[in-house]
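**Student:** Sharing a structure below in structure tokens format, with a few things to ask.
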Amino acid sequence: MNYLWHILVMISIYAILAASLNLVTGYSGLLSLCHAAFYGIGAYVTTLLMMRAGFGFLPAMALGAALTALISLAIAIPSLRLRGDYFVLATLGFQVIIFGVLYNWVSLTQGPYGIPGIPIPVILGIPVDTVFRYALLSGALAVACLVMIRAVARSPFGRLLRAVRDDEIAAAALGKNVPRIKITVFALGAAFAAVPGALFAGYMRFIDPTSFTLAEAIFILSIVVIGGAGSLAGPVLGAAFMVLLPEALRFLQMPDAVAANMRQIIYGLLLVVLMRFRPQGFLGKYGFE
Amino acid sequence: MNVMNERPALNSPIQPEDFPERSPLLRVENVHAGYGKKEVLQGVTLSLAPGEIVAVIGANGAGKSTLLKVVAGLIKPAAGRVIFRGEDITNLPTYRRARGGIAYLIQGGAVFPSLSVGDHLELGRAAARRGGRVSCGVLPFPALEDRASSAAGLFSGGQRQALASATILSTEPALLLADEPSAGLAPAAAAELLATLAAASRERGLPVLWVEQRVADVLPLADRAVLLRSGLVAAETSSPGDWLDGETLAHLTFGRGA
Ligand SMILES: Nc1ncnc2c1ncn2[C@@H]1O[C@H](COP(=O)(O)OP(=O)(O)OP(=O)(O)O)[C@@H](O)[C@H]1O
Ligand SMILES: [Mg+2]
């Protein structure tokens with residue numbers, strides 16, 4: 001049974017990651033390769049606030065989200081004025097830099113050794129100390145985040161995001177401050193990415209930089225693409241699919257070493273096939289142009 | 001103003017100085033602008049009075065769109081000034097000009113493919129509110145009425161042009177920059193769109209700086225006309241009808257220095 005709850009925790013984490021990136025990439029058309037950096041910053045800030053400043057899980061997570069949004073401005077403000085392809089490169093650079101910081105700022109992050117012994121989250125006095133309880137916590141947070149993200153997507157601001165994605169010049173000609181809209185949604189996406197970071201840290205009770213690499217950023221992006229960029233349910237379906245796929249391989253009783261490679265091959269094949277036959281993803285309305 | 005001396009003497013150019021009592025809404029002063037090293041506009045001066053429709057005509061590549069881009073703020077001029085309601089807006093970004101009421105109908109009719117007609121008009125009304133104006137709501141495009149909820153990406157070229165015009169009008173602009181709103185339309189549809197825009201302009205007293213290839217359609221609708229040639233105002237007239245005879249037009253468009 002615990003196994004199922006574990007799967008639910010992982011799906012929740014990746015659903016929030018994908019939905020928050022979808023806000024940036026799907027709705028606003030900003031291809032970002034640094035979402036794992038925000039995920040990581042959220043995990044580390046929450047952990048450090050809990051362990052060094054005695055914060056509870058939820059306040060630490062909220063502060064972590066705010067700080068992650070603030071840090072995202074450091075990349076967004078200088079690079080969102082650049083043309084699309086330069087922006088992608090800038091986010092890639094940022095992802096690599098953040099990994100480098102997590103890896104090398106040993107006095108703060110304990111670098112490659114990671115941080116063990118992260119306290120169990122306590123919510124309303126109840127310790128979240130079983131996998132079932134953790135599934136409830138992460139499921140509840142996922143639902144809350146998805147509802148908020150959906151509200152943003154359907155709001156007038158969401159309409160602006162799609163307008164900017166479709167035609168920046170026409171949006172500016174309608175009096176929209178395009179750079180500010182992009183910066184805002186980027187920071188919003190970063191803040192939401194901090195939540196699964198906190199969830200991951202509290203669940204694993206150990207974090208190290210290897211969970212927040214460029215490969216992870218690409219993995220999150222693939223979830224968005226596979227589920228359907230710019231759709232509301234796409235990221236959830238994509239997350240479920242990408243989390244369940246390796247589990248399905250395990251049931252085929254493939255040796256672990258083979259399964260790991262198989263998984264990469266299947267992810268890759270899936271992306272290629274999907275881009276060829278259904279570029280908008282499972283549920284998306286609009287493909288990447 | 002030695003530029004003026006080089007103009008063909010078909011019609012004596014009108015100088016804003018001739019109308020000191022009528023302060024222009026828009027004034028483009030000796031603007032030099034281009035793309036990178038290439039200078040397209042080589043000292044363009046023109047002005048537009050409140051409520052006035054000014055047709056801008058000229059051959060392909062004469063710099064008509066470039067002129068509108070300078071007024072809309074998409075291109076920063078290398079020299080010269082753009083003055084709107086007495087304020088120097090040369091360095092204002094596009095969105096600030098739009099909030100101030102300068103609406104720009106982009107060549108080719110820019111719409112947002114993933115947004116519905118309703119979304120477009122909502123964006124326009126929001127822009128009007130943002131600029132402290134009230135959108136009158138009624139839009140003179142019957143072609144759009146029964147497609148209110150469909151995405152603009154599914155529209156035909158003519159429907160897109162109509163939607164782009166409707167969106168711009170819903171912002172209740174104080175000045176309309178229209179770049180070939182009829183391009184790509186069948187002659188009947190083009191004439192209808194032009195007439196609709198002109199009527200909307202007359203009703204609201206909305207001044208229009210109007211770039212048009214369909215010279216024979218636009219000149220009768222305009223109060224004044226300006227001919228651009230090789231990045232210069234080659235001629236202007238306050239009785240645009242005079243330019244309608246084919247010979248004058250051919251000379252104006254393809255004559256010396258084109
Ligand atoms: N984005 C651009 N980059 C570089 N050069 C450009 C660009 N747009 C236009 N030009 C050049 O500027 C000159 C004037 O172009 P502009 O678009 O203003 O002409 P136009 O009068 O609007 O022509 P048309 O009737 O074909 O629309 C042309 O020689 C063109 O090659
Ligand atoms: Mg043009």
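We label chains A, B, ... in the order they appear in the structure tokens, count residues from 1 in each chain, and number ligands from 1 in the order shown.
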Compile the contact shell of B:Gly118 as an MDAnalysis selection string: residues with an atom at most 7 Å away, counting only C-alpha atoms, same-chain residues fewer than 2 positions apart removed.
**Tutor:** chainID B and resid 116 120:122 148:149
**Student:** Mind writing the picked residues with C-alpha atoms as a JSON list (two decimals), in the first residue's frame?
**Tutor:**
[["chain", "number", "residue", "atom", "x", "y", "z"],
["B", 116, "SER", "CA", -11.32, 34.48, -29.23],
["B", 120, "HIS", "CA", -9.59, 40.52, -28.27],
["B", 121, "LEU", "CA", -12.30, 43.04, -27.51],
["B", 122, "GLU", "CA", -11.76, 42.53, -23.77],
["B", 148, "ALA", "CA", -17.55, 35.74, -31.06],
["B", 149, "SER", "CA", -16.19, 32.65, -29.33]]
**Student:** Could you write out, as a PyMOL selection string, all the residues of stretch 35-257 of chain B that DSSP marks as alpha helix (DSSP H)?
**Tutor:** chain B and resi 64-72+94-99+117-130+142-145+157-170+187-204+215-218+246-254
**Student:** What do you get as a PyMOL selection string if you pick all residues at most 9 Å from ligand 2, counting only C-alpha atoms and all ligand atoms?
**Tutor:** chain B and resi 60-66+68+107+179-180+211-213
**Student:** Output as a count of residues only the set of chain B residues within 10 Å of chain A, with distances taken over only C-alpha atoms.
**Tutor:** 41
**Student:** Please determine, counting only C-alpha atoms, which residue among A:Ala187, A:Ala69, A:Met1, A:Leu214 has the shortest atom-to-atom distance to A:Phe94.
**Tutor:**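 The closest residue to A:Phe94 is A:Leu214.
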